[in-house]
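Next comes coords.txt, a file with compact mmCIF, C-alpha atoms.
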```
# COMPACT_ATOMS: atom_id res chain seq x y z
CA MET A 1 78.65 86.40 50.93
CA THR A 2 77.96 90.12 50.85
CA THR A 3 77.86 91.50 47.31
CA THR A 4 79.27 94.88 46.22
CA GLU A 5 75.74 96.15 45.64
CA GLU A 6 74.65 95.13 49.14
CA LEU A 7 77.79 96.67 50.62
CA TYR A 8 77.15 99.90 48.75
CA SER A 9 73.60 100.20 50.06
CA ILE A 10 75.07 100.01 53.57
CA PHE A 11 77.86 102.47 52.68
CA GLU A 12 75.27 105.03 51.53
CA LYS A 13 73.86 105.06 55.05
CA HIS A 14 77.25 104.81 56.77
CA PRO A 15 79.69 106.65 54.45
CA PHE A 16 82.79 106.40 56.62
CA ILE A 17 85.47 103.78 56.04
CA ILE A 18 87.68 102.56 58.87
CA THR A 19 90.78 100.39 58.41
CA ASP A 20 92.40 101.00 61.81
CA THR A 21 90.53 100.62 65.11
CA ARG A 22 92.86 103.24 66.61
CA LYS A 23 91.23 105.78 64.28
CA LEU A 24 87.67 104.60 64.69
CA ILE A 25 84.77 106.69 63.43
CA LYS A 26 81.53 105.80 65.18
CA GLY A 27 78.89 104.72 62.71
CA GLY A 28 81.45 103.86 60.04
CA ILE A 29 82.27 100.56 58.32
CA PHE A 30 85.38 98.70 59.48
CA PHE A 31 87.26 96.83 56.76
CA ALA A 32 89.36 94.02 58.26
CA LEU A 33 92.43 94.35 56.05
CA LYS A 34 95.43 92.08 56.40
CA GLY A 35 99.13 92.95 56.33
CA ASP A 36 102.44 91.23 56.89
CA ASN A 37 102.18 91.76 60.64
CA PHE A 38 98.47 92.09 61.34
CA ASN A 39 95.09 90.56 60.58
CA GLY A 40 92.16 92.95 60.77
CA ASN A 41 89.71 90.09 61.24
CA GLN A 42 91.03 89.80 64.79
CA PHE A 43 89.84 93.34 65.52
CA ALA A 44 86.39 93.17 63.92
CA LEU A 45 84.45 92.55 67.13
CA GLN A 46 86.44 95.26 68.89
CA ALA A 47 85.53 97.71 66.12
CA LEU A 48 81.83 96.90 66.53
CA LYS A 49 82.09 97.21 70.30
CA GLU A 50 83.69 100.64 69.99
CA GLY A 51 81.03 102.01 67.68
CA ALA A 52 81.52 100.81 64.12
CA ALA A 53 78.20 100.17 62.40
CA TYR A 54 79.47 97.16 60.45
CA ALA A 55 82.67 95.15 59.98
CA VAL A 56 83.67 93.59 56.67
CA ILE A 57 85.57 90.32 57.20
CA ASP A 58 86.92 87.43 55.13
CA GLU A 59 87.54 84.88 57.91
CA GLU A 60 84.97 83.10 60.04
CA ILE A 61 84.48 84.62 63.47
CA ALA A 62 82.79 82.73 66.27
CA ASN A 63 79.98 85.22 66.59
CA ASN A 64 76.57 85.48 64.93
CA ASP A 65 76.40 89.30 64.98
CA ASP A 66 74.61 90.30 61.77
CA ARG A 67 76.80 93.40 61.58
CA LEU A 68 79.66 91.14 60.46
CA LEU A 69 79.68 91.20 56.65
CA MET A 70 81.49 88.26 55.06
CA VAL A 71 83.28 88.69 51.71
CA ASP A 72 85.80 86.57 49.81
CA ASP A 73 88.61 89.13 50.17
CA VAL A 74 88.36 92.32 52.21
CA LEU A 75 90.89 94.28 50.14
CA LYS A 76 89.20 93.40 46.85
CA ALA A 77 85.82 94.22 48.38
CA LEU A 78 87.14 97.66 49.35
CA GLN A 79 88.51 98.23 45.85
CA LYS A 80 85.30 97.10 44.14
CA LEU A 81 83.24 99.29 46.45
CA ALA A 82 85.44 102.27 45.55
CA THR A 83 84.97 101.68 41.82
CA PHE A 84 81.22 101.25 42.28
CA HIS A 85 81.08 104.57 44.15
CA ARG A 86 83.29 106.29 41.58
CA ILE A 87 80.89 105.22 38.79
CA LYS A 88 77.86 106.33 40.81
CA THR A 89 79.27 109.81 41.48
CA LYS A 90 79.76 110.51 37.74
CA ILE A 91 82.24 113.31 38.45
CA PRO A 92 85.46 113.85 36.45
CA VAL A 93 88.51 112.08 37.88
CA LEU A 94 92.05 113.18 37.03
CA ALA A 95 94.86 110.75 37.87
CA ILE A 96 98.50 111.68 38.45
CA THR A 97 101.57 109.48 38.60
CA GLY A 98 105.30 109.89 37.87
CA SER A 99 108.72 109.40 39.39
CA ASN A 100 109.02 112.88 40.92
CA GLY A 101 106.71 115.78 41.66
CA LYS A 102 103.44 113.82 41.98
CA THR A 103 102.38 115.38 45.25
CA THR A 104 103.39 118.94 44.37
CA THR A 105 101.58 118.69 41.03
CA LYS A 106 98.51 117.17 42.67
CA GLU A 107 98.30 120.00 45.17
CA LEU A 108 98.88 122.69 42.53
CA LEU A 109 96.12 121.16 40.41
CA ALA A 110 93.77 120.96 43.38
CA SER A 111 94.50 124.60 44.22
CA VAL A 112 93.77 125.75 40.66
CA LEU A 113 90.70 123.54 40.16
CA SER A 114 89.27 124.70 43.49
CA LYS A 115 88.73 128.11 41.90
CA LYS A 116 85.83 126.56 39.98
CA PHE A 117 85.03 123.15 41.49
CA ASN A 118 84.54 121.49 44.87
CA VAL A 119 87.63 119.29 44.67
CA ASN A 120 88.42 116.08 46.50
CA PHE A 121 92.09 115.13 46.25
CA THR A 122 94.47 112.56 47.67
CA GLN A 123 95.47 113.36 51.24
CA GLY A 124 98.97 112.63 52.52
CA ASN A 125 100.43 109.49 50.98
CA LEU A 126 97.14 107.66 50.33
CA ASN A 127 98.25 106.79 46.80
CA ASN A 128 98.48 103.00 46.83
CA HIS A 129 96.13 100.00 46.46
CA ILE A 130 94.45 100.94 49.76
CA GLY A 131 94.84 104.71 49.65
CA VAL A 132 93.28 105.19 46.20
CA PRO A 133 90.06 103.36 47.18
CA LEU A 134 89.88 105.39 50.40
CA THR A 135 90.29 108.61 48.40
CA LEU A 136 87.48 107.62 46.04
CA LEU A 137 85.21 106.59 48.89
CA SER A 138 85.72 109.99 50.57
CA ILE A 139 83.95 111.68 47.62
CA THR A 140 80.68 113.15 48.92
CA LYS A 141 77.66 114.58 47.09
CA GLU A 142 79.14 118.07 47.43
CA ILE A 143 82.25 117.13 45.42
CA ASP A 144 82.28 117.72 41.67
CA PHE A 145 85.92 116.95 40.77
CA ALA A 146 88.50 114.45 42.05
CA VAL A 147 92.30 114.47 41.72
CA VAL A 148 93.82 111.08 42.50
CA GLU A 149 97.54 110.53 43.03
CA MET A 150 98.89 107.09 42.15
CA GLY A 151 102.18 105.75 43.48
CA ALA A 152 103.91 102.49 42.64
CA ASN A 153 107.20 100.63 43.04
CA HIS A 154 106.40 97.64 40.80
CA GLN A 155 104.91 97.11 37.38
CA LYS A 156 101.16 96.41 37.19
CA GLU A 157 100.42 98.61 40.24
CA ILE A 158 99.38 101.66 38.20
CA GLU A 159 97.36 99.33 35.97
CA LEU A 160 95.44 98.16 39.05
CA LEU A 161 94.94 101.67 40.44
CA SER A 162 93.73 102.93 37.06
CA SER A 163 91.22 100.08 36.85
CA ILE A 164 89.90 101.11 40.28
CA ALA A 165 89.74 104.87 39.70
CA LEU A 166 88.68 104.80 36.02
CA PRO A 167 90.17 108.26 35.33
CA ASP A 168 88.77 110.60 32.69
CA PHE A 169 92.02 112.57 32.57
CA GLY A 170 95.59 111.83 33.51
CA LEU A 171 99.18 112.96 33.50
CA ILE A 172 102.59 111.48 34.21
CA THR A 173 104.88 114.11 35.72
CA ASN A 174 108.09 112.46 34.46
CA ILE A 175 110.03 109.21 34.16
CA GLY A 176 113.03 109.06 36.49
CA LYS A 177 115.30 106.78 38.49
CA ALA A 178 112.88 105.86 41.26
CA HIS A 179 112.21 102.40 42.73
CA LEU A 180 114.65 100.88 40.24
CA GLU A 181 114.85 97.65 42.24
CA GLY A 182 111.11 96.98 42.11
CA PHE A 183 110.58 98.17 38.55
CA GLY A 184 113.66 96.39 37.18
CA GLY A 185 115.54 99.44 35.86
CA ILE A 186 114.59 102.64 34.08
CA GLU A 187 112.77 100.85 31.25
CA GLY A 188 110.68 99.11 33.87
CA VAL A 189 109.85 102.50 35.41
CA LYS A 190 108.73 103.77 32.02
CA LYS A 191 106.56 100.72 31.43
CA GLY A 192 105.07 100.84 34.93
CA LYS A 193 104.21 104.54 34.90
CA GLY A 194 102.99 104.20 31.31
CA GLU A 195 100.20 101.93 32.51
CA LEU A 196 98.21 105.11 33.26
CA PHE A 197 98.46 106.25 29.64
CA GLU A 198 97.50 102.76 28.47
CA ASN A 199 94.33 102.91 30.55
CA LEU A 200 93.45 106.38 29.28
CA LYS A 201 94.12 105.47 25.66
CA SER A 202 92.11 102.25 25.81
CA ASN A 203 89.14 104.20 27.22
CA GLU A 204 89.61 107.14 24.80
CA LYS A 205 90.18 109.62 27.63
CA THR A 206 92.23 112.84 27.74
CA ILE A 207 95.95 112.94 28.51
CA PHE A 208 97.94 115.96 29.69
CA ILE A 209 101.54 115.49 28.54
CA GLN A 210 104.86 117.24 29.10
CA LYS A 211 105.66 117.20 25.39
CA ASP A 212 109.39 117.96 25.81
CA SER A 213 109.87 114.50 27.34
CA ALA A 214 111.07 111.86 24.89
CA ALA A 215 110.00 109.10 27.28
CA LEU A 216 106.45 110.46 27.61
CA ASN A 217 106.19 110.99 23.84
CA GLU A 218 107.14 107.37 23.36
CA LEU A 219 104.43 106.29 25.80
CA ILE A 220 101.68 108.32 24.16
CA GLY A 221 102.61 107.08 20.67
CA ASP A 222 100.21 108.23 17.96
CA TYR A 223 97.31 108.86 20.37
CA LYS A 224 95.69 112.18 19.48
CA ASN A 225 93.49 113.06 22.47
CA PHE A 226 96.04 115.02 24.48
CA ILE A 227 96.80 118.50 25.81
CA SER A 228 100.48 119.40 25.54
CA TYR A 229 102.61 121.61 27.78
CA GLY A 230 106.30 122.46 27.90
CA SER A 231 108.79 124.92 26.43
CA ASN A 232 107.64 125.03 22.80
CA LEU A 233 105.22 127.69 21.60
CA ASN A 234 103.58 125.05 19.38
CA TYR A 235 102.25 123.30 22.50
CA ASN A 236 98.83 124.04 23.99
CA VAL A 237 100.56 125.58 27.00
CA SER A 238 104.13 126.87 27.08
CA GLY A 239 106.28 128.73 29.56
CA GLU A 240 109.78 129.25 30.88
CA VAL A 241 111.71 130.00 34.03
CA GLU A 242 111.96 133.75 34.43
CA SER A 243 114.12 133.55 37.55
CA ASN A 244 114.97 131.13 40.35
CA ASN A 245 116.62 133.14 43.09
CA GLU A 246 115.52 130.93 45.98
CA TYR A 247 111.92 131.03 44.74
CA LEU A 248 110.78 130.09 41.27
CA LYS A 249 109.21 132.69 39.00
CA VAL A 250 107.61 131.42 35.80
CA ARG A 251 106.65 133.28 32.63
CA ILE A 252 103.64 131.74 30.89
CA GLN A 253 103.76 132.47 27.15
CA LYS A 254 100.79 130.51 25.83
CA PRO A 255 97.74 130.38 25.82
CA PHE A 256 98.12 133.73 27.61
CA GLU A 257 101.02 135.80 28.87
CA ILE A 258 101.40 136.10 32.61
CA ALA A 259 104.13 135.96 35.27
CA ILE A 260 103.67 133.65 38.25
CA LYS A 261 105.75 134.09 41.42
CA THR A 262 105.64 130.76 43.21
CA GLN A 263 106.58 129.83 46.75
CA LEU A 264 108.41 126.79 45.38
CA THR A 265 112.16 126.46 44.96
CA GLY A 266 113.78 124.83 41.96
CA SER A 267 113.55 125.23 38.19
CA TYR A 268 112.47 121.58 38.12
CA ASN A 269 109.07 122.76 39.40
CA LEU A 270 108.44 124.54 36.10
CA ASP A 271 106.77 121.43 34.68
CA ASN A 272 104.53 121.12 37.74
CA VAL A 273 103.39 124.72 37.33
CA LEU A 274 102.81 124.27 33.59
CA ALA A 275 100.73 121.16 34.28
CA ALA A 276 98.53 123.17 36.66
CA VAL A 277 98.16 125.95 34.07
CA ALA A 278 97.30 123.41 31.35
CA VAL A 279 94.63 121.73 33.46
CA GLY A 280 93.21 125.02 34.67
CA ASN A 281 93.02 126.45 31.17
CA TYR A 282 91.42 123.25 29.81
CA PHE A 283 88.63 123.62 32.37
CA SER A 284 88.14 127.31 31.49
CA ILE A 285 89.46 128.75 34.74
CA ASP A 286 90.34 132.43 34.37
CA LYS A 287 94.06 133.20 34.05
CA SER A 288 93.97 135.53 37.06
CA ASP A 289 92.49 132.73 39.18
CA ILE A 290 95.15 130.29 37.92
CA LYS A 291 97.87 132.80 38.81
CA GLU A 292 96.41 133.45 42.26
CA ALA A 293 95.97 129.76 43.04
CA ILE A 294 99.57 128.88 42.13
CA GLU A 295 101.08 131.92 43.85
CA ASN A 296 99.16 131.21 47.07
CA TYR A 297 100.21 127.55 47.17
CA GLN A 298 102.64 126.94 50.02
CA PRO A 299 104.60 123.68 49.85
CA SER A 300 104.50 121.52 52.95
CA ASN A 301 105.28 117.99 54.09
CA GLN A 302 109.03 118.49 53.51
CA ARG A 303 108.71 118.96 49.75
CA SER A 304 110.49 121.88 48.03
CA GLN A 305 110.09 123.99 51.18
CA VAL A 306 112.19 127.04 51.95
CA ILE A 307 112.15 127.76 55.67
CA ARG A 308 113.66 131.01 56.90
CA LYS A 309 114.90 131.46 60.43
CA GLU A 310 116.81 134.36 61.95
CA ASN A 311 120.26 133.19 60.83
CA THR A 312 119.44 130.17 58.70
CA VAL A 313 117.82 129.31 55.38
CA ILE A 314 116.64 125.70 55.17
CA VAL A 315 115.85 124.04 51.86
CA LEU A 316 113.79 121.11 53.10
CA ASP A 317 113.09 118.35 50.59
CA ALA A 318 113.35 115.38 52.89
CA TYR A 319 110.12 113.52 52.29
CA ASN A 320 111.77 111.19 49.79
CA ALA A 321 114.64 110.94 47.33
CA ASN A 322 115.88 109.09 44.27
CA PRO A 323 118.79 109.79 41.90
CA SER A 324 116.70 112.01 39.62
CA SER A 325 115.27 114.20 42.38
CA MET A 326 118.64 114.34 44.17
CA GLN A 327 120.35 115.64 41.04
CA VAL A 328 117.92 118.49 40.37
CA ALA A 329 117.86 119.45 44.07
CA LEU A 330 121.67 119.73 44.10
CA GLU A 331 121.72 121.72 40.86
CA ASN A 332 119.11 124.09 42.27
CA PHE A 333 120.97 124.51 45.57
CA LYS A 334 124.16 125.33 43.70
CA SER A 335 122.62 128.01 41.50
CA ALA A 336 119.80 129.53 43.56
CA PHE A 337 121.34 129.94 47.02
CA ASP A 338 124.46 131.59 48.41
CA GLY A 339 126.30 132.20 51.68
CA TYR A 340 127.87 129.49 53.85
CA LYS A 341 126.27 126.35 52.47
CA ILE A 342 125.83 122.87 53.93
CA ILE A 343 124.51 119.90 51.95
CA ALA A 344 122.99 117.12 54.08
CA LEU A 345 121.93 114.02 52.16
CA GLY A 346 120.40 110.78 53.37
CA GLU A 347 120.91 107.55 51.45
CA MET A 348 118.56 106.51 48.64
CA LEU A 349 116.69 103.23 48.95
CA GLU A 350 115.22 100.66 46.52
CA LEU A 351 117.92 101.12 43.87
CA GLY A 352 118.97 97.48 43.59
CA ASN A 353 122.08 96.89 41.49
CA GLU A 354 122.33 100.58 40.66
CA SER A 355 122.73 101.62 44.31
CA GLU A 356 126.54 101.84 44.54
CA TYR A 357 126.89 103.67 41.24
CA GLU A 358 124.11 106.16 41.98
CA HIS A 359 125.35 106.99 45.49
CA GLU A 360 128.82 107.59 44.10
CA ARG A 361 127.42 109.79 41.33
CA ILE A 362 125.27 111.84 43.71
CA GLY A 363 128.20 112.23 46.10
CA LYS A 364 130.29 113.71 43.29
CA LEU A 365 127.44 116.03 42.29
CA ALA A 366 127.26 117.23 45.90
CA LYS A 367 130.99 118.04 45.79
CA ASP A 368 130.55 119.80 42.43
CA ALA A 369 127.93 122.04 44.04
CA ASN A 370 130.87 123.52 45.99
CA PRO A 371 129.33 123.74 49.46
CA ASN A 372 131.30 124.56 52.58
CA GLN A 373 130.33 121.25 54.17
CA ILE A 374 128.81 117.95 53.04
CA ILE A 375 127.01 115.63 55.46
CA LEU A 376 126.14 112.13 54.21
CA VAL A 377 123.92 109.73 56.15
CA GLY A 378 123.56 105.96 55.74
CA SER A 379 125.70 102.98 54.81
CA ASN A 380 125.19 103.42 51.07
CA PHE A 381 127.20 106.65 51.23
CA THR A 382 130.13 105.14 53.17
CA LYS A 383 132.45 104.62 50.20
CA ILE A 384 132.00 107.98 48.47
CA ALA A 385 132.10 110.02 51.71
CA SER A 386 135.84 109.64 52.22
CA ALA A 387 136.54 110.23 48.52
CA ILE A 388 134.88 113.66 48.55
CA ASN A 389 135.98 114.63 52.07
CA ALA A 390 132.43 114.57 53.43
CA LEU A 391 131.31 113.90 56.97
CA HIS A 392 129.62 110.51 57.21
CA PHE A 393 127.13 109.32 59.81
CA LYS A 394 125.35 106.04 60.36
CA ASN A 395 121.98 107.70 60.91
CA SER A 396 120.30 111.10 61.04
CA GLU A 397 120.39 111.16 64.84
CA ASP A 398 124.20 111.11 64.81
CA ALA A 399 124.23 113.79 62.11
CA THR A 400 121.87 115.92 64.17
CA ASN A 401 124.08 115.66 67.24
CA TRP A 402 127.10 116.77 65.19
CA LEU A 403 125.22 119.71 63.70
CA LYS A 404 124.05 120.84 67.14
CA GLN A 405 127.68 121.15 68.24
CA ASN A 406 129.25 122.45 65.04
CA ALA A 407 126.74 124.55 63.09
CA PRO A 408 128.04 128.00 62.11
CA ASN A 409 126.19 131.09 63.28
CA LYS A 410 124.73 131.77 59.87
CA PHE A 411 124.27 129.25 57.04
CA THR A 412 122.05 127.82 54.31
CA ILE A 413 121.38 124.08 54.32
CA LEU A 414 119.86 121.59 51.88
CA ILE A 415 118.28 118.61 53.63
CA LYS A 416 117.23 115.70 51.41
CA GLY A 417 117.01 111.91 51.64
CA SER A 418 114.79 108.86 51.32
CA ARG A 419 111.96 108.46 53.82
CA GLY A 420 113.86 105.80 55.70
CA SER A 421 116.75 108.22 56.34
CA LYS A 422 114.51 110.55 58.42
CA MET A 423 116.60 113.56 57.45
CA GLU A 424 114.01 115.97 58.84
CA LYS A 425 115.50 115.17 62.25
CA LEU A 426 118.30 117.62 61.44
CA LEU A 427 115.79 120.43 61.99
CA GLU A 428 116.24 119.82 65.72
CA ALA A 429 119.77 121.19 65.43
CA ILE A 430 118.75 124.43 63.74
CA LYS A 431 117.55 127.29 65.91
```
Whole structure, structure tokens version:
Amino acid sequence: MTTTEELYSIFEKHPFIITDTRKLIKGGIFFALKGDNFNGNQFALQALKEGAAYAVIDEEIANNDDRLLMVDDVLKALQKLATFHRIKTKIPVLAITGSNGKTTTKELLASVLSKKFNVNFTQGNLNNHIGVPLTLLSITKEIDFAVVEMGANHQKEIELLSSIALPDFGLITNIGKAHLEGFGGIEGVKKGKGELFENLKSNEKTIFIQKDSAALNELIGDYKNFISYGSNLNYNVSGEVESNNEYLKVRIQKPFEIAIKTQLTGSYNLDNVLAAVAVGNYFSIDKSDIKEAIENYQPSNQRSQVIRKENTVIVLDAYNANPSSMQVALENFKSAFDGYKIIALGEMLELGNESEYEHERIGKLAKDANPNQIILVGSNFTKIASAINALHFKNSEDATNWLKQNAPNKFTILIKGSRGSKMEKLLEAIK
């Protein structure tokens, strides 16, 4: 069996990890991961043939190629290698989790920290038991700070990811109604996300905490090694919404006074901005650099984006959705935008027993936002659609076809839904 130490000596010479032969990097190491519908061991020889330097496997292959590295479990080998590398690099690692806003906060932090450090941060959605190791293993000698996003839909997942990344710093953006089915309700969400704080506390590391949150205060308990941010001037960092007319403008009040004009929409992004200010200030980044970094950050990947076209304003927040993020998006759309307004919502997934209630509640909130038209997509919205006089479609393709034929000449539209709803398809109908 190949040990972690032996694997690491090879990794130092071939520092590229491959988990998919369709994205092969010549000279890299192929890890033969398994999934519900695939077995990477079956592609190990192909990976070597196409240029991989080595292949890590956990099943016998009828070949005596010494580039085949046998381990007990490929996934665990990848995770152990990542932790070994993380310890070797000795750079600070900041971990982020939470129900909403993880990615936006991660990117704001990376933008601010990049004013002083060479930052490596989670790319795309590489925030799970495979993605976190890959993020850590992408840290090169030139990097001197890492920001690692951690996602989960069950308890014990954040515990595992924390044990892999060994963070020096961490924050939980919030506790909300996300993945209720897997977590077993809102208390399960709190416990699952709180596993990051438990890791940090047990290792006497530093926590950044939104101190206005009762749930987060409960999780931190009497632990003293924290940096607080929120609305209270007694916190280490405090600020407020100055205005939110389509774009959010924030007034920082402490530890310095400064106005920040973001390219984000939604007052709910205040906490994400304050987190970035708190982290930047902790690491002695100048306030003008913090301001510039946040103001220059442009949201992407269908998260809190405002897209302007000749006759249309699109509020695109379609990467994912849960009851908490749906609610704040609807409240923002109601207050921050005007004109002829359309709300297009895709169903929310992984809500378990709460699904019917939450879809009904969100449907009513959509009606309360007083738009000119409501479009609901997915079977979970079937019941409430007729009750609030909304258009209902089986899928986003049908909704797109309707919008192509019936869109007014000038309008503002909110597009939001769970990943499975593929609500971004509606963009095809907007010129």
So which residues touch stretch 278-289 of chain A within 7 Å, counting all atoms listed in the file, skipping near sequence neighbours fewer than 5 positions away, as a VMD selection string? chain A and resid 112 to 113 115 to 116 229 237
Contact check, stretch 63-123 of chain A to stretch 18-42 of chain A, at most 9 Å, counting all atoms listed in the file, closest pairs as CSV:
```
residue,atom,partner,partner_atom,distance
A:Asp73,CA,A:Leu33,CA,8.7
A:Val74,CA,A:Leu33,CA,6.0
A:Leu75,CA,A:Leu33,CA,6.1
A:Ala77,CA,A:Phe31,CA,8.9
A:Leu78,CA,A:Phe31,CA,7.5
```
A:Ile91: which residues within 12 Å, counting only C-alpha atoms, same-chain residues fewer than 4 positions away excluded, as an mmCIF file with C-alpha atoms, in the frame of the given file?
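To be explicit, this is the file written out as part-v5.cif:
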```cif
data_model
loop_
_atom_site.group_PDB
_atom_site.id
_atom_site.type_symbol
_atom_site.label_atom_id
_atom_site.label_comp_id
_atom_site.auth_asym_id
_atom_site.auth_seq_id
_atom_site.Cartn_x
_atom_site.Cartn_y
_atom_site.Cartn_z
ATOM 1 C CA HIS A 85 81.080 104.570 44.150
ATOM 2 C CA ARG A 86 83.290 106.290 41.580
ATOM 3 C CA ILE A 87 80.890 105.220 38.790
ATOM 4 C CA PHE A 117 85.030 123.150 41.490
ATOM 5 C CA ASN A 118 84.540 121.490 44.870
ATOM 6 C CA VAL A 119 87.630 119.290 44.670
ATOM 7 C CA ASN A 120 88.420 116.080 46.500
ATOM 8 C CA LEU A 136 87.480 107.620 46.040
ATOM 9 C CA ILE A 139 83.950 111.680 47.620
ATOM 10 C CA THR A 140 80.680 113.150 48.920
ATOM 11 C CA LYS A 141 77.660 114.580 47.090
ATOM 12 C CA GLU A 142 79.140 118.070 47.430
ATOM 13 C CA ILE A 143 82.250 117.130 45.420
ATOM 14 C CA ASP A 144 82.280 117.720 41.670
ATOM 15 C CA PHE A 145 85.920 116.950 40.770
ATOM 16 C CA ALA A 146 88.500 114.450 42.050
ATOM 17 C CA VAL A 147 92.300 114.470 41.720
ATOM 18 C CA ALA A 165 89.740 104.870 39.700
ATOM 19 C CA LEU A 166 88.680 104.800 36.020
ATOM 20 C CA PRO A 167 90.170 108.260 35.330
ATOM 21 C CA ASP A 168 88.770 110.600 32.690
ATOM 22 C CA PHE A 169 92.020 112.570 32.570
#
```
Nearest to A:Gly346 among A:Pro299, A:Gly51, A:Gly420, A:Pro323, with distances taken over all atoms listed in the file: which residue is it? A:Gly420
Name the residues, using the chain letters and numbers of the file, that sit within 9 Å of (100.8, 117.4, 33.6) when counting all atoms listed in the file, and give them as a compact mmCIF listing (two decimals) with C-alpha atoms, keeping the file's coordinate frame.
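What landed in point-v7.txt:
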```txt
# COMPACT_ATOMS: atom_id res chain seq x y z
CA ILE A 96 98.50 111.68 38.45
CA THR A 105 101.58 118.69 41.03
CA GLY A 170 95.59 111.83 33.51
CA LEU A 171 99.18 112.96 33.50
CA ILE A 172 102.59 111.48 34.21
CA THR A 173 104.88 114.11 35.72
CA ASN A 174 108.09 112.46 34.46
CA ILE A 207 95.95 112.94 28.51
CA PHE A 208 97.94 115.96 29.69
CA ILE A 209 101.54 115.49 28.54
CA GLN A 210 104.86 117.24 29.10
CA ILE A 227 96.80 118.50 25.81
CA SER A 228 100.48 119.40 25.54
CA TYR A 229 102.61 121.61 27.78
CA ASP A 271 106.77 121.43 34.68
CA ASN A 272 104.53 121.12 37.74
CA VAL A 273 103.39 124.72 37.33
CA LEU A 274 102.81 124.27 33.59
CA ALA A 275 100.73 121.16 34.28
CA ALA A 276 98.53 123.17 36.66
CA VAL A 277 98.16 125.95 34.07
CA ALA A 278 97.30 123.41 31.35
CA VAL A 279 94.63 121.73 33.46
```
Restricting the calculation to only C-alpha atoms, which member of A:His129, A:Lys422, A:Arg361, A:Lys404 is positioned closest to A:Ile384?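 Smallest separation from A:Ile384 among the options: A:Arg361.
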Which of A:Leu330, A:Ala178, A:Leu270, A:Ala336 sits closest to A:Ser231 [using all atoms listed in the file]: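 The shortest atom-to-atom distance to A:Ser231 comes from A:Leu270.
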Smallest atom-to-atom distance to A:Lys191: which of A:Phe256, A:Ala429, A:Ser99, A:Gln263, using all atoms listed in the file?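 Smallest distance to A:Lys191 is found for A:Ser99.
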List the spatial neighbours of stretch 315-317 of chain A as number ranges by chain - criterion: any atom at most 12 Å away, all atoms listed in the file, same-chain residues fewer than 6 positions off excluded. A: 100-101, 104, 246-247, 264-266, 299-309, 325-326, 328-330, 332-334, 336-338, 341-346, 411-419, 422-427
Between atom CA of A:Gln79 and atom CA of A:Ala53, distance in Å (one decimal):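 If I compute the distance from atom CA of A:Gln79 to atom CA of A:Ala53, I get 19.6 Å.
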Pick the closest to A:Ser324 from A:Met1, A:Leu351, A:Ile17, A:Ile220: which is it, counting all atoms listed in the file?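 Using all atoms listed in the file, the shortest distance to A:Ser324 belongs to A:Leu351.
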Can you measure atom CA of A:Arg67 to atom CA of A:Ala55 for me? One decimal in Å is fine.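 Value for the atom CA of A:Arg67-atom CA of A:Ala55 distance: 6.3 Å.
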With all atoms listed in the file as the atoms that count, which of A:Arg251, A:Lys364, A:Lys383, A:Lys431 lies nearest to A:Asn311? A:Lys431
Atom pair atom CA of A:Glu356 / atom CA of A:Asn380: separation (Å): 6.9 Å
Determine, counting all atoms listed in the file, every residue of protein, DNA or RNA that lies within 9 Å of (121.0, 111.1, 63.7) in the file coordinates, then give the result as a VMD selection string. chain A and resid 377 393 to 402 421 to 423 425 to 426
With C-alpha atoms retained, export the selected residues as a PDB file, in the coordinates of the input.
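again_6.pdb was written with the following content:
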```
ATOM      1  CA  VAL A 377     123.920 109.730  56.150  1.00  0.00           C
ATOM      2  CA  PHE A 393     127.130 109.320  59.810  1.00  0.00           C
ATOM      3  CA  LYS A 394     125.350 106.040  60.360  1.00  0.00           C
ATOM      4  CA  ASN A 395     121.980 107.700  60.910  1.00  0.00           C
ATOM      5  CA  SER A 396     120.300 111.100  61.040  1.00  0.00           C
ATOM      6  CA  GLU A 397     120.390 111.160  64.840  1.00  0.00           C
ATOM      7  CA  ASP A 398     124.200 111.110  64.810  1.00  0.00           C
ATOM      8  CA  ALA A 399     124.230 113.790  62.110  1.00  0.00           C
ATOM      9  CA  THR A 400     121.870 115.920  64.170  1.00  0.00           C
ATOM     10  CA  ASN A 401     124.080 115.660  67.240  1.00  0.00           C
ATOM     11  CA  TRP A 402     127.100 116.770  65.190  1.00  0.00           C
ATOM     12  CA  SER A 421     116.750 108.220  56.340  1.00  0.00           C
ATOM     13  CA  LYS A 422     114.510 110.550  58.420  1.00  0.00           C
ATOM     14  CA  MET A 423     116.600 113.560  57.450  1.00  0.00           C
ATOM     15  CA  LYS A 425     115.500 115.170  62.250  1.00  0.00           C
ATOM     16  CA  LEU A 426     118.300 117.620  61.440  1.00  0.00           C
TER      17      LEU A 426
END
```
Extract, using all atoms listed in the file, all DNA, RNA and protein residues at most 12 Å from A:Lys177, discarding same-chain residues fewer than 3 positions from it, and format them as number ranges by chain. A: 98-100, 153, 174, 180-190, 193, 321-327, 348-352, 354-355, 358
